[in-house]
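See below for the structure under consideration.
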2 protein chains.
Amino acid sequence: MGLLHFLLLSWFLSVHLLCFLAIAQRSTYIVHLDKTLMPSVFADHHHWHSSTIDSIKASVPSSVDRFHSAPKLVYSYDNVFHGFSAVLSKDELAALKKSPGFISAYKDRTVEPHTTHTPDFLKLNPSSGLWPASGLGQDVIIGVLDTGIWPESASFRDDGMPPIPKRWKGICKPGTQFNTSMCNRKLIGANYFNKGILANDPTVNISMNSARDTGGHGTHCASTAAGNFAKGVSHFGYAPGTARGVAPRARLAVYKFSFNEGTFTSDLIAAMDQAVADGVDMISISFGYRFIPLYEDAISIAAFGAMMKGVLVSASAGNRGPSVGSLGNGSPWILCVASGYTDRTFAGTLTLGNGLKIRGWSLFPARAFVRDSLVIYNKTLATCDSDELSQVPDPERTIIICDYNPDDNGIGFSGQISRINQARLKAGIFISEDPAVFRSSSFSYPGVVIDKKEGKEVINYVISSISPTATITFQETYVDGKRPAPVLAGNSARGPSRSYLGISKPDIMAPGVLILAAIPPNIFSESIQNIELSSDYELKSGTSMAAPHAAGIAAMLKGAHPEWSPSAIRSAMMTTANHLDSTQKPIREDDNMVATPLDMGAGHVDPNKALDPGLLYDATPQDYVNLICSMNFTEEQFKTFARSSANYDNCSNPSADLNYPSFIALYPFSLEGNFTWLEQKFRRTLTNVGEGRATYKVKIETPKNSTVTVSPQTLMFKGKNDKQSYTMTIRYRGDSDQSRNVGSITWVEENGKHSVRSPIVTSTIIEVWGSE
Amino acid sequence: MGLLHFLLLSWFLSVHLLCFLAIAQRSTYIVHLDKTLMPSVFADHHHWHSSTIDSIKASVPSSVDRFHSAPKLVYSYDNVFHGFSAVLSKDELAALKKSPGFISAYKDRTVEPHTTHTPDFLKLNPSSGLWPASGLGQDVIIGVLDTGIWPESASFRDDGMPPIPKRWKGICKPGTQFNTSMCNRKLIGANYFNKGILANDPTVNISMNSARDTGGHGTHCASTAAGNFAKGVSHFGYAPGTARGVAPRARLAVYKFSFNEGTFTSDLIAAMDQAVADGVDMISISFGYRFIPLYEDAISIAAFGAMMKGVLVSASAGNRGPSVGSLGNGSPWILCVASGYTDRTFAGTLTLGNGLKIRGWSLFPARAFVRDSLVIYNKTLATCDSDELSQVPDPERTIIICDYNPDDNGIGFSGQISRINQARLKAGIFISEDPAVFRSSSFSYPGVVIDKKEGKEVINYVISSISPTATITFQETYVDGKRPAPVLAGNSARGPSRSYLGISKPDIMAPGVLILAAIPPNIFSESIQNIELSSDYELKSGTSMAAPHAAGIAAMLKGAHPEWSPSAIRSAMMTTANHLDSTQKPIREDDNMVATPLDMGAGHVDPNKALDPGLLYDATPQDYVNLICSMNFTEEQFKTFARSSANYDNCSNPSADLNYPSFIALYPFSLEGNFTWLEQKFRRTLTNVGEGRATYKVKIETPKNSTVTVSPQTLMFKGKNDKQSYTMTIRYRGDSDQSRNVGSITWVEENGKHSVRSPIVTSTIIEVWGSE
């Protein structure tokens, strides 16, 4: 320590000791500023921000906390909104609020993460549709904000990628990269942001201080959105083949803001700010908050800024379904994505001694040898939860049947599998219909899961045979043409959005169950007994996996239609989404309930149809400003989103009736059950993006307890880009079951070529998240 | 049971009850006949054989045993020798001996089995040498006599195979096939032979009554010899890549004679008889007898017959090394193959907390996740053989170091690994230099094996660190350029041949340690803890794996030089074999001793050099007849090999001095240590197979305790196929260490193009196997 430094510190300490040991706990705050009010003395906004902090330092009596002896700037932001993050005490924050240009401030907080056959399942193919129309995404950049990336993965090789256009060359910045040489034609940028973590605790040791992924989530999402073709990969022998992202030629720019040491809003905003500055075409983020009001939701705030700059954000709805109102990222300007199963399933085949073959469920991560082993069934043991299992004679040659007892508070599949492991039995035959089992890749001991009907057949064989035996084979992957697909994942989070009830959320459903994508090769993936295993590719499930699917498709739409706005892209995806499954019946949840728009949005994304939607529900930045003008915001809250009022017409025309491709009509919950008729009127404008003149006629599917009227019933477009408007009035009432009644309005082109469908849903009003 | 049948049975039983319950135990005998003495009344030899049995039935008083109520014909043989196998009592055998044409008979007995980077290791390549010269073997058939085949294996697909020539089309015979449709351009025939098993016990239920392999040995050997290119295969992640046989375009004809229910000589002979009848070019057999005199060794007898018909038999030496005289299949007319390591090794990398990286040995059959785990070393626990292991705190996060204690009767690596498994420790670091560990593919718990020097480094780190940690990575495969290769496998069986001491055996060494080849997908391969696993490809070790390597090469030599005799092919392989390893030093055993010709034969096979050997030591069928004339055989024993004396000059010129490409000089063991000088003279004739005139000069490496003189010292060949002879005289004496003294005689072409080397070895006389 230099002498001067020592003296200053001594002075600093002594002042504070004199000041009755003024110890003020500091926190990181996200601060929004109105850049138009930046005093002209400042050379640039960085100068303004640091001077603001300096002036606070000068004006507020000094204080000290565990980590910070003074207020400190963490990040400057200028793209998704204008402002900064800084470590401030309450007094310093109070002083800041008096600074010129101050709009709002809220505490930094932590963000939580949500988790490839899918191109086939999505019917993406090299000969027609979105893949060839977008050059497989080669002209767009997808920004993935997550836990970073494992650049050496085969999914991020740049074989077959065209050279990087000049305008993108700056994205791979020396100094901010983990290793600049890791950038290539596929991975064109990789930055990391952890000043917020360090601001929170400067003593923390960042174990991987680079964009390198140590968790796997980011690598998985990035390769799902835009992984290159990677041959000969699998999840421990399941789902073998060539992995590829939805947009296999799209460029990736990766922004790591989630670290082993923490995940903070200030870092997230810095990441999104940089992504927008870098010119990404699409952002994918599979993180979210809970219990946060819209005006403090940094993903929402930053996504608003991104949208205003023409960048759509695809975000995961979260995995807290099926509770009502459990979704996050439900802002009107985000593409909020729900998660579904594909038509692919992972099997073990059970062959009984009598020749009966049953294809059961298995993801046991090796090819276990289970052949002609004795099978036992015993009512007492069949709960597979007792220590008596260890008394089974000759366990290493014995397969046990475990019953499904969800109603008896049974220990469930994972508990049963660990008991069988302890008893060192040969394998288990698990009777279960718990959907959670079929979303999980965890299967640490040999066995198969079969349903109750199959279970009965097996038990009948076992109890009627002198020496019942079975053979089980593993590592089987098949596409089940008979099973309906897609099916909504039970844990996909549900609307309405507690951020803002006025727009039906989620928007769309995309594959998110057992998605094969890249992971770092040096992390724990699955286990066999107590032995932990690693892999290069892994099956993961969650809306985290669905959001990058939607992002990849949206990016390719941007590539194919560079003139489309974020709203136009989302509209194309929503109005062409399929609300029916492969059996042409309404998509269901994995508990067999029919999925509503508040569960799955408009339906399952159909990328090739989205390429040519016929009509679009477009919305401009001004429309979004008008929307937030209609919200009951304080001016400060308003400006947090809309920043400088100079850029837009400032709330002269507030409107909650955003030109959105879905409809929600809310009714108050009534304990007494006396529901009156309500009426809601929507006005919508459609833009013709088909070639030439076109005439569309309306087709209505009326929700229960409702009447729907539309005017006019025919829309005639004079040519491409012509706009036509209509109004839809819904008279509806609630019921005491809190029903969600579902309908739709579809504009069908006379020649039958295009069909533009929007879901309608009525729902009870639920509580919106407010400030803590 | 029909009435007539009942009456006959009653009569049969009553006759025998009257005959004092004549119960005579019957056995299966292999019977050699002189076909020239077949009475002309018989239409064919089958008729003769069955009539012979009928006449015995008529002449010998009836008797009954547990299974057989009468003598019974099992097989007729006509290709490798003439005769049959039959179930006979002693009386019936005695009667048979009086039949016309009878030569000899011996009891059927059981045969025991001996186990693909190797084409690279053997420098086989598409651009030069044996592969292009032989069209990768496309014009030859390799007959594999073993446990059958798994025809659906990728190794037996016929992609890229030329059509089957007309002359071979009969090999895939309907009725004898497991499924005729399984035959294709690669697998042109698949027969099975189990009448001998059924003769031994007619009640036996043959569980796989077809050529389908249920054990794996046959599939592995067949794919090693002639497997097609099979992409993307591995042994549980080790040795990944494209597997292919040595002769990837050669045709396969498979003869299954080894069943789960038994492996009998009578079936083996039937298999070899059929193979020769089918016109195979080369036979590979990885089975053998122990303690059997030459004249009762059915493989030897049948191989003699095959050789007489121009078919060389490549047979494994066995895995009972390193004992002196432990080899089987050591007949002068067989290509007897020893087993060596390749230059490829399978690793786990151990990275200590201090950064030190050690590439250890591992074949743990999955990618275990072992990262930054605590390492403990404790003298008491380090034997890893006590129950105290279970008291290690936090075992699932702890790696233990296990010492190598071969001298203390330690439990060894496999014992240690099972103790660590029981204690559920994270992994083991095993200090071992036991070569058997590095030939085995069994590795059921995570860990690495390191040597003593590395062990010291690791222990030093652990005992000097507060919190020592290690990371282990798995599934690593590398070619170690620094390590000498090949190295002889310690368990490869050794000469001299107790069948016949006069020819040095084995003949040659080929890759046989951890060879990746196909196995049936539904058998037990490796385990993880108590969980058994299957695979499509497996690493196996043994001379069983070496013999098909040699067979594949020999077959391609036949393809490239259709005019070469079995002896010529063997000579080409032996005189061009490499007795030096990759470091240009003499090949060693895995215990570091230098390998002698009685361990490895002439050296490691070099297929490309064998294509163009310069000179050949050829031998005709008559030469082999002359050789057996020199053996102290009874006429019966002699005829067992040489069958009809009409075909060959019948012992007018007996000679033990076969024109063989190696030399052995034997001395008697002396307890007193008084060794006198002995002298042995050899005469050899070389055939020039190079183009045009050629002059060769001799180069002698004299064995210790010997003098070698050669006359002439220069051989001048006037052109292709010209023959020149020389004599070599060795004066030698033994020593009380029973030394094997090693030298060589090499004929070096003046222009240096060819070099024709034969090993010389002196050795003590050991006991030869006689009749039981």
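Here, A, B, ... name the chains of the structure tokens in the order displayed, residue numbers run from 1 inside each chain, and ligands are numbered from 1 in the same displayed order.
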
### Task
Give as a PyMOL selection string every residue of chain B that touches chain A within 8 Å, counting only C-alpha atoms.
chain B and resi 232+366-370+396+424+426+446+522-524+530-535

### Task
Enumerate, as an NGL selection string, the complete set of residues in region 143-345 of chain A that a backbone-based DSSP assignment places in strand (DSSP E or B).
:A and (143-146 or 149 or 187-192 or 212 or 230-235 or 238-243 or 251-256 or 258-259 or 262-264 or 282-285 or 287-288 or 312-316 or 334-340 or 344-345)

Please identify every residue of region 300-372 of chain B that has at least one atom no farther than 7 Å from an atom of region 558-569 of chain B, counting only C-alpha atoms, and for each give the shortest atom pair and the distance in Å to one decimal, arranged by chain then increasing number, as a Markdown table.
```
| residue | atom | partner | partner_atom | distance |
| --- | --- | --- | --- | --- |
| B:Met307 | CA | B:Pro566 | CA | 6.4 |
| B:Gly310 | CA | B:Pro566 | CA | 5.9 |
| B:Val311 | CA | B:Pro566 | CA | 6.1 |
| B:Leu312 | CA | B:Pro566 | CA | 4.8 |
```

### Message
I'd like the interatomic distance between CA of Lys697 (chain A) and CA of Asn741 (chain A), to a tenth of an Å.
### Response
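According to the coordinates, CA of Lys697 (chain A) and CA of Asn741 (chain A) are separated by 23.4 Å.
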
### Task
Pick out the residues sitting within 6 Å of Ala338 (chain B), and hand them over as number ranges by chain; count only C-alpha atoms, and ignore anything fewer than 2 positions along from it in its own chain.
B: 317, 492, 509, 543, 600

Output file for the selection above: N, CA and C atoms, as a PDB file, in the first residue's frame:
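Output (again.pdb):
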```
ATOM      1  N   ALA B 317      -2.041 -70.489 -31.511  1.00  0.00           N
ATOM      2  CA  ALA B 317      -1.096 -71.269 -30.700  1.00  0.00           C
ATOM      3  C   ALA B 317      -1.671 -71.600 -29.331  1.00  0.00           C
ATOM      4  N   SER B 492       0.635 -65.726 -24.707  1.00  0.00           N
ATOM      5  CA  SER B 492       0.686 -66.425 -25.995  1.00  0.00           C
ATOM      6  C   SER B 492       1.468 -67.722 -25.775  1.00  0.00           C
ATOM      7  N   MET B 509       3.872 -64.227 -35.599  1.00  0.00           N
ATOM      8  CA  MET B 509       3.139 -63.471 -34.591  1.00  0.00           C
ATOM      9  C   MET B 509       2.245 -62.480 -35.334  1.00  0.00           C
ATOM     10  N   THR B 543      -4.599 -65.501 -28.771  1.00  0.00           N
ATOM     11  CA  THR B 543      -4.140 -66.006 -30.067  1.00  0.00           C
ATOM     12  C   THR B 543      -5.327 -66.283 -30.982  1.00  0.00           C
ATOM     13  N   MET B 600       7.609 -66.365 -30.619  1.00  0.00           N
ATOM     14  CA  MET B 600       6.896 -65.536 -31.602  1.00  0.00           C
ATOM     15  C   MET B 600       7.043 -66.040 -33.030  1.00  0.00           C
TER      16      MET B 600
END
```

### Message
Quick one: residues within 9 Å of region 590-599 of chain A, only C-alpha atoms, excluding same-chain residues fewer than 3 positions away - as a PyMOL selection string?
### Response
chain A and resi 321-322+324-325+338+341+434-436+487-490+492-497+504-509+579+586-587+602-603+662+740-742+759-761+763

#### Entry: Selection: 10 Å around Gly160 (chain B), only C-alpha atoms, excl. self and same-chain fewer than 2 positions, as number ranges by chain
B: 157-158, 162-163, 185-186, 228-229, 248-249

Please dump the current selection as a PDB file, in the first residue's frame; keep N, CA and C atoms.
```
ATOM      1  N   ARG B 157     -22.103 -56.801 -43.809  1.00  0.00           N
ATOM      2  CA  ARG B 157     -22.851 -56.226 -44.927  1.00  0.00           C
ATOM      3  C   ARG B 157     -21.999 -56.384 -46.182  1.00  0.00           C
ATOM      4  N   ASP B 158     -22.665 -56.366 -47.337  1.00  0.00           N
ATOM      5  CA  ASP B 158     -21.872 -56.596 -48.544  1.00  0.00           C
ATOM      6  C   ASP B 158     -21.732 -55.362 -49.428  1.00  0.00           C
ATOM      7  N   PRO B 162     -17.935 -57.206 -54.836  1.00  0.00           N
ATOM      8  CA  PRO B 162     -18.305 -57.617 -56.191  1.00  0.00           C
ATOM      9  C   PRO B 162     -19.258 -58.815 -56.151  1.00  0.00           C
ATOM     10  N   PRO B 163     -19.971 -59.063 -57.257  1.00  0.00           N
ATOM     11  CA  PRO B 163     -20.893 -60.212 -57.283  1.00  0.00           C
ATOM     12  C   PRO B 163     -20.155 -61.522 -56.993  1.00  0.00           C
ATOM     13  N   ARG B 185     -23.092 -61.141 -50.553  1.00  0.00           N
ATOM     14  CA  ARG B 185     -21.817 -61.146 -51.273  1.00  0.00           C
ATOM     15  C   ARG B 185     -20.616 -61.226 -50.341  1.00  0.00           C
ATOM     16  N   LYS B 186     -20.827 -60.907 -49.084  1.00  0.00           N
ATOM     17  CA  LYS B 186     -19.743 -61.002 -48.095  1.00  0.00           C
ATOM     18  C   LYS B 186     -19.775 -62.371 -47.424  1.00  0.00           C
ATOM     19  N   ASN B 228     -16.253 -56.366 -43.368  1.00  0.00           N
ATOM     20  CA  ASN B 228     -16.370 -55.202 -44.243  1.00  0.00           C
ATOM     21  C   ASN B 228     -16.172 -53.930 -43.403  1.00  0.00           C
ATOM     22  N   PHE B 229     -16.060 -52.803 -44.069  1.00  0.00           N
ATOM     23  CA  PHE B 229     -15.894 -51.537 -43.372  1.00  0.00           C
ATOM     24  C   PHE B 229     -17.177 -51.221 -42.591  1.00  0.00           C
ATOM     25  N   PRO B 248     -10.753 -56.882 -46.128  1.00  0.00           N
ATOM     26  CA  PRO B 248     -12.137 -56.389 -46.021  1.00  0.00           C
ATOM     27  C   PRO B 248     -13.041 -56.760 -47.184  1.00  0.00           C
ATOM     28  N   ARG B 249     -12.471 -57.244 -48.285  1.00  0.00           N
ATOM     29  CA  ARG B 249     -13.314 -57.650 -49.401  1.00  0.00           C
ATOM     30  C   ARG B 249     -13.326 -59.163 -49.599  1.00  0.00           C
TER      31      ARG B 249
END
```

### Task
Give the answer as one residue: which of B:Gly348, B:Thr762, B:Thr110, B:Ala546 has the shortest atom-to-atom distance to Ala510 (chain B), using only C-alpha atoms?
B:Ala546

### Task
Select, from A:Tyr404, A:Trp48, A:Tyr537, A:Phe81, the residue with the minimum atom-to-atom distance to Trp150 (chain A), counting only C-alpha atoms.
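With only C-alpha atoms as the atom set, the closest residue is A:Tyr537.
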
### Contact residues around Gln274 (chain A) with only C-alpha atoms at 9 Å, ignoring same-chain residues under 5 positions, as a list of chain:residue names
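Listing them by chain and then by number gives A:Tyr77, A:Asp78, A:Asn79, A:Val80, A:Asn191, A:Tyr255, A:Ile269, A:Gly279.
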
### Task
From a DSSP pass on the backbone, collect the residues of region 294-529 of chain B flagged as helix (DSSP H, G or I) and hand them back as a ChimeraX atom specification.
/B:294-296,298-308,381-383,387-391,395-397,406-408,412-422,435-439,452-463

### Query
Within 10 Å of Gly719 (chain A), counting only C-alpha atoms, which residues qualify if same-chain residues fewer than 2 places away don't, as a count of residues only?
13

### Summary
note - CA of Gly196 (chain B) and CA of Ser69 (chain B) are separated by 16.6 Å

### Query
What separation in Å, quoted to one decimal, exists between CA of Ile519 (chain B) and CA of Cys172 (chain B)?
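Separation of CA of Ile519 (chain B) and CA of Cys172 (chain B): 21.9 Å.
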